[in-house]
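Everything below concerns the one structure shown next.
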Amino acid sequence: MIRFLHRDLRRDLYAVIAAALLVTTAVLVGRHIQDTRRTLFVHWPPIFADWDPHVGPGTPAALAVAAATVAYGPALAARLPWRALLAAAWAAALAWILSLALVDGWQRGIAGRLTTTNEYLRVIGRFHDIPATLRDFTHHIVSGTPDPWPAHIAGHPPAATLTFVLLDRIGLHGGGWAGMWVIVVGATGCAAVLIALRALTDETLARRAAPFLVLAPAAVWQGVSADGYFAAVAAWSVALLALAVTRRSLWCAAASGLLFGLTCYLSYGLTLFALIGVAVLVLGRAGLRERPVLLLPLLAGLAVFPVVFTLAGFNWWEAYHLLITRYYQGVGGTRPYGYWVWANLACTVVITGLATSAGLRRTSAVLLTSRGPGTTRPGSARIRLALLVTAALLTLLIADLSGMSKAETERIWLPFALWLLPACSLLTHPRAWLSAQAVLALLVNHLLLTGW
């Protein structure tokens with residue numbers, strides 16, 4: 001049957017089959033390693049989850065959001081006014097993330113997620129004196145020190161924990177408010193990516209990407225992990241940079257630098273977003289040539305959080321090196337690099353979906369044919385999109401090769417995943433691909449009880 005399909009669609013299906021085989025192999029090999037050696041510390045490899053078929057209060061809403069997005073998403077994305085599209089995309093992404101989280105119920109799916117042993121809300125009481133805690137932060141990173149931080153606090157710069165401390169200080173106490181903060185802010189990442197796509201490529205491609213950004217399988221983890229919040233902050237730093245170089249806006253440049261500085265103090269690994277930022281600067285080099293002064297507010301904004309935290313007594317570089325020690329003291333030192341270096345990519349397939357695998361195949365085709373006679377002209381929107389997605393993929397691969405993300409990348413790599421999803425705008429038959437995305441997310445969320 002496949003041989004009768006259009007050549008491009010046939011090649012898309014080959015990419016999908018290869019991605020599905022990668023996930024299947026990761027499951028089978030992972031189960032064998034875990035059953036025989038017990039070195040993966042994951043019950044349902046490569047995903048950090050347990051087999052637990054279930055339904056919940058969010059199931060009807062999740063099915064409704066999926067069906068509505070598949071049926072009406074592409075048409076609405078094509079004809080809504082731009083600002084209305086941004087608002088609708090954020091609202092739909094919010095509904096999708098929230099409904100998937102509620103499949104596990106309010107307490108288990110949202111309110112209890114950030115209150116478990118290794119999560120941020122467990123240490124709010126230790127931040128009663130914030131300046132003193134920042135000065136003392138690095139003394140509790142390595143296991144064996146007095147009162148070592150739980151894993152997630154030790155594994156991130158203090159801005160991550162401070163976010164939830166400040167929520168608590170303004171009266172938004174407990175896991176419910178923290179969980180909703182992650183969901184509401186995390187859903188805005190969809191709008192940020194759309195803004196960047198419109199600025200750097202064209203509005204048509206951004207509109208075609210919108211339903212895929214809404215209905216991403218990554219939503220399974222965006223609502224239950226602080227990494228969804230980190231992803232949104234990083235996405236807005238890129239979106240504002242795109243606006244800065246295309247609109248020659250000093251304010252956008254300053255805001256982009258400010259948010260990128262915050263991103264670096266939310267997660268050490270997200271400093272790699274500098275590569276995506278460089279790609280944006282390359283794509284917007286005409287704006288920089290016309291107004292090179294844009295670099296000044298960008299750098300000024302970028303310096304704010306490093307200066308503030310350094311003056312407060314927190315040394316980022318020292319903390320990062322101590323984190324490496326802590327990482328290898330724990331399960332990170334036992335989990336086999338030889339498995340996770342490719343199984344992490346299987347996790348990426350799960351969070352971005354099979355449609356993204358086909359989209360990445362088309363992305364590579366755009367780049368390979370861009371110099372040929374009679375093909376897409378250099379500098380076109382499709383090539384610019386392909387370059388942006390490729391930069392995100394390269395960033396993810398560097399993170400993978402570093403060995404500092406062995407397992408749990410279905411949540412850790414959410415910030416990178418948002419920038420792979422736009423590859424789906426190159427696909428034909430969007431409703432079929434959206435259906436595949438929705439089915440994958442629904443199956444994962446209803447068959448597995450995810451650890452995050």
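Residues in the structure tokens are named by chain (A, B, ... in the order shown) and by number from 1 within that chain; ligands are numbered from 1 in the order shown.
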Distance table requested - range 22-132 of chain A against range 345-355 of chain A, cut-off 10 Å, only C-alpha atoms: one row per qualifying residue with the closest atom pair and its distance in Å to one decimal, ordered by chain and rising residue number, as CSV.
```
residue,atom,partner,partner_atom,distance
A:Leu22,CA,A:Ala346,CA,5.9
A:Val23,CA,A:Ala346,CA,4.8
A:Thr24,CA,A:Ala346,CA,8.5
A:Thr25,CA,A:Ala346,CA,8.8
A:Ala26,CA,A:Ala346,CA,6.6
A:Val27,CA,A:Ala346,CA,8.9
A:Pro45,CA,A:Cys347,CA,9.1
A:Pro46,CA,A:Cys347,CA,6.4
A:Ile47,CA,A:Cys347,CA,6.5
A:Phe48,CA,A:Cys347,CA,9.6
```
TODO: Would you list the contacts of Leu76 in chain A as a ChimeraX atom specification, taking every protein, DNA or RNA residue within 10 Å and counting only C-alpha atoms, but skipping same-chain residues closer than 3 positions in sequence?
DONE: /A:69,71-73,79-81,84-85,88-89,207,210-211
Please, could you write that set of residues out with all heavy atoms as a compact mmCIF listing (two decimals), in the first residue's frame?
```
# COMPACT_ATOMS: atom_id res chain seq x y z
N THR A 69 -9.66 20.24 18.39
CA THR A 69 -8.45 20.76 17.76
C THR A 69 -8.19 20.09 16.42
O THR A 69 -7.80 20.74 15.44
CB THR A 69 -7.24 20.58 18.69
OG1 THR A 69 -7.52 21.18 19.95
CG2 THR A 69 -6.00 21.21 18.10
N ALA A 71 -10.50 18.71 14.48
CA ALA A 71 -11.57 19.05 13.54
C ALA A 71 -11.51 20.50 13.08
O ALA A 71 -11.71 20.80 11.89
CB ALA A 71 -12.93 18.76 14.18
N TYR A 72 -11.24 21.41 14.01
CA TYR A 72 -11.36 22.83 13.69
C TYR A 72 -10.04 23.60 13.76
O TYR A 72 -9.97 24.74 13.28
CB TYR A 72 -12.36 23.49 14.65
CG TYR A 72 -13.71 22.84 14.64
CD1 TYR A 72 -14.15 22.10 15.72
CD2 TYR A 72 -14.56 22.95 13.53
CE1 TYR A 72 -15.40 21.48 15.72
CE2 TYR A 72 -15.81 22.34 13.51
CZ TYR A 72 -16.22 21.60 14.61
OH TYR A 72 -17.45 21.00 14.59
N GLY A 73 -9.01 23.00 14.38
CA GLY A 73 -7.76 23.72 14.59
C GLY A 73 -7.13 24.28 13.33
O GLY A 73 -6.84 25.49 13.26
N ARG A 79 -7.61 31.34 9.60
CA ARG A 79 -8.43 32.53 9.33
C ARG A 79 -8.65 33.47 10.51
O ARG A 79 -9.12 34.59 10.32
CB ARG A 79 -9.78 32.11 8.78
CG ARG A 79 -10.69 31.35 9.72
CD ARG A 79 -12.08 31.20 9.11
NE ARG A 79 -13.02 30.53 9.99
CZ ARG A 79 -13.34 29.26 9.91
NH1 ARG A 79 -12.79 28.50 8.97
NH2 ARG A 79 -14.21 28.72 10.74
N LEU A 80 -8.32 33.06 11.73
CA LEU A 80 -8.47 33.97 12.87
C LEU A 80 -7.52 35.17 12.73
O LEU A 80 -6.40 35.02 12.21
CB LEU A 80 -8.16 33.25 14.18
CG LEU A 80 -9.24 32.37 14.79
CD1 LEU A 80 -8.68 31.67 16.04
CD2 LEU A 80 -10.47 33.18 15.16
N PRO A 81 -7.93 36.36 13.17
CA PRO A 81 -6.96 37.47 13.27
C PRO A 81 -5.78 37.05 14.13
O PRO A 81 -5.92 36.25 15.06
CB PRO A 81 -7.78 38.59 13.93
CG PRO A 81 -9.20 38.25 13.63
CD PRO A 81 -9.27 36.75 13.60
N ALA A 84 -6.04 37.22 17.91
CA ALA A 84 -7.04 36.26 18.37
C ALA A 84 -6.49 34.84 18.29
O ALA A 84 -6.78 34.00 19.16
CB ALA A 84 -8.31 36.37 17.52
N LEU A 85 -5.67 34.57 17.28
CA LEU A 85 -5.05 33.25 17.17
C LEU A 85 -4.12 32.98 18.35
O LEU A 85 -4.12 31.88 18.91
CB LEU A 85 -4.28 33.14 15.85
CG LEU A 85 -3.43 31.87 15.68
CD1 LEU A 85 -4.30 30.62 15.73
CD2 LEU A 85 -2.63 31.93 14.39
N ALA A 88 -6.28 32.27 21.31
CA ALA A 88 -6.95 30.97 21.17
C ALA A 88 -5.96 29.83 21.34
O ALA A 88 -6.28 28.80 21.96
CB ALA A 88 -7.63 30.89 19.81
N ALA A 89 -4.75 29.98 20.80
CA ALA A 89 -3.74 28.93 20.93
C ALA A 89 -3.35 28.74 22.39
O ALA A 89 -3.22 27.60 22.87
CB ALA A 89 -2.51 29.28 20.09
N ARG A 207 0.96 29.97 11.32
CA ARG A 207 -0.43 29.53 11.46
C ARG A 207 -0.55 28.01 11.28
O ARG A 207 -1.32 27.35 11.97
CB ARG A 207 -1.32 30.26 10.45
CG ARG A 207 -1.54 31.74 10.79
CD ARG A 207 -2.36 32.45 9.73
NE ARG A 207 -2.62 33.83 10.09
CZ ARG A 207 -3.64 34.24 10.84
NH1 ARG A 207 -4.50 33.34 11.31
NH2 ARG A 207 -3.81 35.52 11.12
N ALA A 210 0.47 26.25 14.49
CA ALA A 210 -0.29 26.51 15.72
C ALA A 210 -1.00 25.27 16.27
O ALA A 210 -0.87 24.97 17.47
CB ALA A 210 -1.28 27.65 15.49
N PRO A 211 -1.79 24.53 15.49
CA PRO A 211 -2.48 23.37 16.07
C PRO A 211 -1.53 22.31 16.62
O PRO A 211 -1.85 21.64 17.61
CB PRO A 211 -3.30 22.82 14.90
CG PRO A 211 -3.42 23.94 13.93
CD PRO A 211 -2.15 24.72 14.07
```
Please produce, as JSON lines, a per-residue contact table for range 110-201 of chain A versus range 412-436 of chain A (criterion: any atom at most 12 Å away, only C-alpha atoms considered), showing the nearest atom pair and its distance in Å to one decimal, sorted by chain then residue number.
```
{"residue": "A:His152", "atom": "CA", "partner": "A:Ile412", "partner_atom": "CA", "distance": 11.2}
{"residue": "A:Gly155", "atom": "CA", "partner": "A:Ile412", "partner_atom": "CA", "distance": 11.3}
{"residue": "A:His156", "atom": "CA", "partner": "A:Ile412", "partner_atom": "CA", "distance": 11.3}
{"residue": "A:Gly186", "atom": "CA", "partner": "A:Pro415", "partner_atom": "CA", "distance": 9.9}
{"residue": "A:Ala187", "atom": "CA", "partner": "A:Leu418", "partner_atom": "CA", "distance": 10.8}
{"residue": "A:Thr188", "atom": "CA", "partner": "A:Leu418", "partner_atom": "CA", "distance": 11.2}
{"residue": "A:Gly189", "atom": "CA", "partner": "A:Leu418", "partner_atom": "CA", "distance": 7.6}
{"residue": "A:Cys190", "atom": "CA", "partner": "A:Leu418", "partner_atom": "CA", "distance": 7.6}
{"residue": "A:Ala191", "atom": "CA", "partner": "A:Leu418", "partner_atom": "CA", "distance": 10.7}
{"residue": "A:Ala192", "atom": "CA", "partner": "A:Leu418", "partner_atom": "CA", "distance": 9.8}
{"residue": "A:Val193", "atom": "CA", "partner": "A:Trp419", "partner_atom": "CA", "distance": 7.2}
{"residue": "A:Leu194", "atom": "CA", "partner": "A:Pro422", "partner_atom": "CA", "distance": 8.6}
{"residue": "A:Ile195", "atom": "CA", "partner": "A:Pro422", "partner_atom": "CA", "distance": 11.8}
{"residue": "A:Ala196", "atom": "CA", "partner": "A:Trp419", "partner_atom": "CA", "distance": 10.0}
{"residue": "A:Leu197", "atom": "CA", "partner": "A:Pro422", "partner_atom": "CA", "distance": 8.1}
{"residue": "A:Arg198", "atom": "CA", "partner": "A:Pro422", "partner_atom": "CA", "distance": 11.2}
{"residue": "A:Thr201", "atom": "CA", "partner": "A:Pro422", "partner_atom": "CA", "distance": 10.9}
```
Write out the residues from the selection above, keeping all heavy atoms, as a short mmCIF file (atom, residue, chain, number, x, y, z; two decimals), in the first residue's frame.
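result.cif, written as the output of this step:
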```
data_model
loop_
_atom_site.label_atom_id
_atom_site.label_comp_id
_atom_site.auth_asym_id
_atom_site.auth_seq_id
_atom_site.Cartn_x
_atom_site.Cartn_y
_atom_site.Cartn_z
N HIS A 152 15.96 17.86 43.07
CA HIS A 152 15.62 18.92 42.11
C HIS A 152 16.15 20.28 42.55
O HIS A 152 16.52 21.10 41.71
CB HIS A 152 14.10 18.98 41.91
CG HIS A 152 13.60 17.91 41.01
ND1 HIS A 152 12.32 17.88 40.52
CD2 HIS A 152 14.21 16.82 40.49
CE1 HIS A 152 12.16 16.81 39.76
NE2 HIS A 152 13.29 16.16 39.74
N GLY A 155 19.75 20.24 41.84
CA GLY A 155 20.00 20.13 40.40
C GLY A 155 19.70 21.37 39.60
O GLY A 155 19.88 21.37 38.38
N HIS A 156 19.22 22.43 40.25
CA HIS A 156 18.86 23.66 39.54
C HIS A 156 19.42 24.87 40.27
O HIS A 156 19.55 24.85 41.50
CB HIS A 156 17.34 23.79 39.41
CG HIS A 156 16.72 22.75 38.55
ND1 HIS A 156 16.43 21.48 39.00
CD2 HIS A 156 16.35 22.78 37.24
CE1 HIS A 156 15.90 20.78 38.01
NE2 HIS A 156 15.84 21.53 36.95
N GLY A 186 3.23 27.77 31.65
CA GLY A 186 3.78 26.84 30.66
C GLY A 186 3.02 26.87 29.35
O GLY A 186 3.61 26.75 28.27
N ALA A 187 1.70 27.04 29.40
CA ALA A 187 0.89 27.07 28.18
C ALA A 187 1.21 28.27 27.30
O ALA A 187 0.96 28.24 26.09
CB ALA A 187 -0.59 27.06 28.53
N THR A 188 1.77 29.34 27.87
CA THR A 188 2.10 30.51 27.06
C THR A 188 3.27 30.25 26.13
O THR A 188 3.50 31.02 25.19
CB THR A 188 2.43 31.73 27.94
OG1 THR A 188 3.67 31.50 28.64
CG2 THR A 188 1.32 32.01 28.94
N GLY A 189 4.04 29.19 26.39
CA GLY A 189 5.15 28.86 25.49
C GLY A 189 4.69 28.67 24.07
O GLY A 189 5.42 28.99 23.12
N CYS A 190 3.47 28.16 23.89
CA CYS A 190 2.89 27.97 22.56
C CYS A 190 2.81 29.31 21.83
O CYS A 190 3.23 29.43 20.66
CB CYS A 190 1.50 27.35 22.72
SG CYS A 190 0.48 27.34 21.24
N ALA A 191 2.30 30.34 22.49
CA ALA A 191 2.18 31.66 21.86
C ALA A 191 3.55 32.26 21.57
O ALA A 191 3.76 32.91 20.53
CB ALA A 191 1.39 32.59 22.77
N ALA A 192 4.51 32.04 22.47
CA ALA A 192 5.86 32.57 22.25
C ALA A 192 6.49 32.00 20.99
O ALA A 192 7.09 32.74 20.19
CB ALA A 192 6.74 32.26 23.47
N VAL A 193 6.36 30.70 20.79
CA VAL A 193 6.92 30.07 19.59
C VAL A 193 6.23 30.61 18.34
O VAL A 193 6.89 30.88 17.32
CB VAL A 193 6.82 28.54 19.67
CG1 VAL A 193 7.32 27.90 18.38
CG2 VAL A 193 7.62 28.01 20.85
N LEU A 194 4.92 30.80 18.39
CA LEU A 194 4.21 31.35 17.24
C LEU A 194 4.69 32.75 16.90
O LEU A 194 4.86 33.09 15.71
CB LEU A 194 2.70 31.37 17.53
CG LEU A 194 2.00 30.02 17.60
CD1 LEU A 194 0.54 30.20 17.96
CD2 LEU A 194 2.13 29.27 16.28
N ILE A 195 4.91 33.57 17.90
CA ILE A 195 5.41 34.93 17.65
C ILE A 195 6.78 34.89 16.99
O ILE A 195 7.05 35.63 16.03
CB ILE A 195 5.45 35.71 18.98
CG1 ILE A 195 4.03 36.02 19.45
CG2 ILE A 195 6.26 36.99 18.84
CD1 ILE A 195 3.95 36.58 20.86
N ALA A 196 7.64 34.01 17.48
CA ALA A 196 8.98 33.89 16.89
C ALA A 196 8.89 33.40 15.44
O ALA A 196 9.61 33.90 14.56
CB ALA A 196 9.84 32.95 17.72
N LEU A 197 8.03 32.43 15.19
CA LEU A 197 7.91 31.90 13.83
C LEU A 197 7.41 32.97 12.87
O LEU A 197 7.91 33.10 11.75
CB LEU A 197 6.94 30.72 13.82
CG LEU A 197 7.40 29.43 14.50
CD1 LEU A 197 6.29 28.40 14.47
CD2 LEU A 197 8.65 28.89 13.82
N ARG A 198 6.43 33.74 13.29
CA ARG A 198 5.91 34.80 12.41
C ARG A 198 6.99 35.83 12.10
O ARG A 198 7.12 36.32 10.97
CB ARG A 198 4.71 35.47 13.05
CG ARG A 198 4.02 36.50 12.17
CD ARG A 198 2.93 37.18 12.96
NE ARG A 198 2.10 38.04 12.14
CZ ARG A 198 1.75 39.27 12.48
NH1 ARG A 198 2.18 39.79 13.62
NH2 ARG A 198 0.96 39.99 11.70
N THR A 201 10.03 33.65 10.07
CA THR A 201 9.71 32.93 8.83
C THR A 201 8.60 33.69 8.11
O THR A 201 8.86 34.65 7.42
CB THR A 201 9.32 31.47 9.13
OG1 THR A 201 8.15 31.42 9.95
CG2 THR A 201 10.44 30.75 9.86
#
```
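Using only C-alpha atoms, the shortest contact distance between Ala151 in chain A and any of A:Ala49, A:Ile170, A:Val331, A:Leu250 is found at A:Val331.
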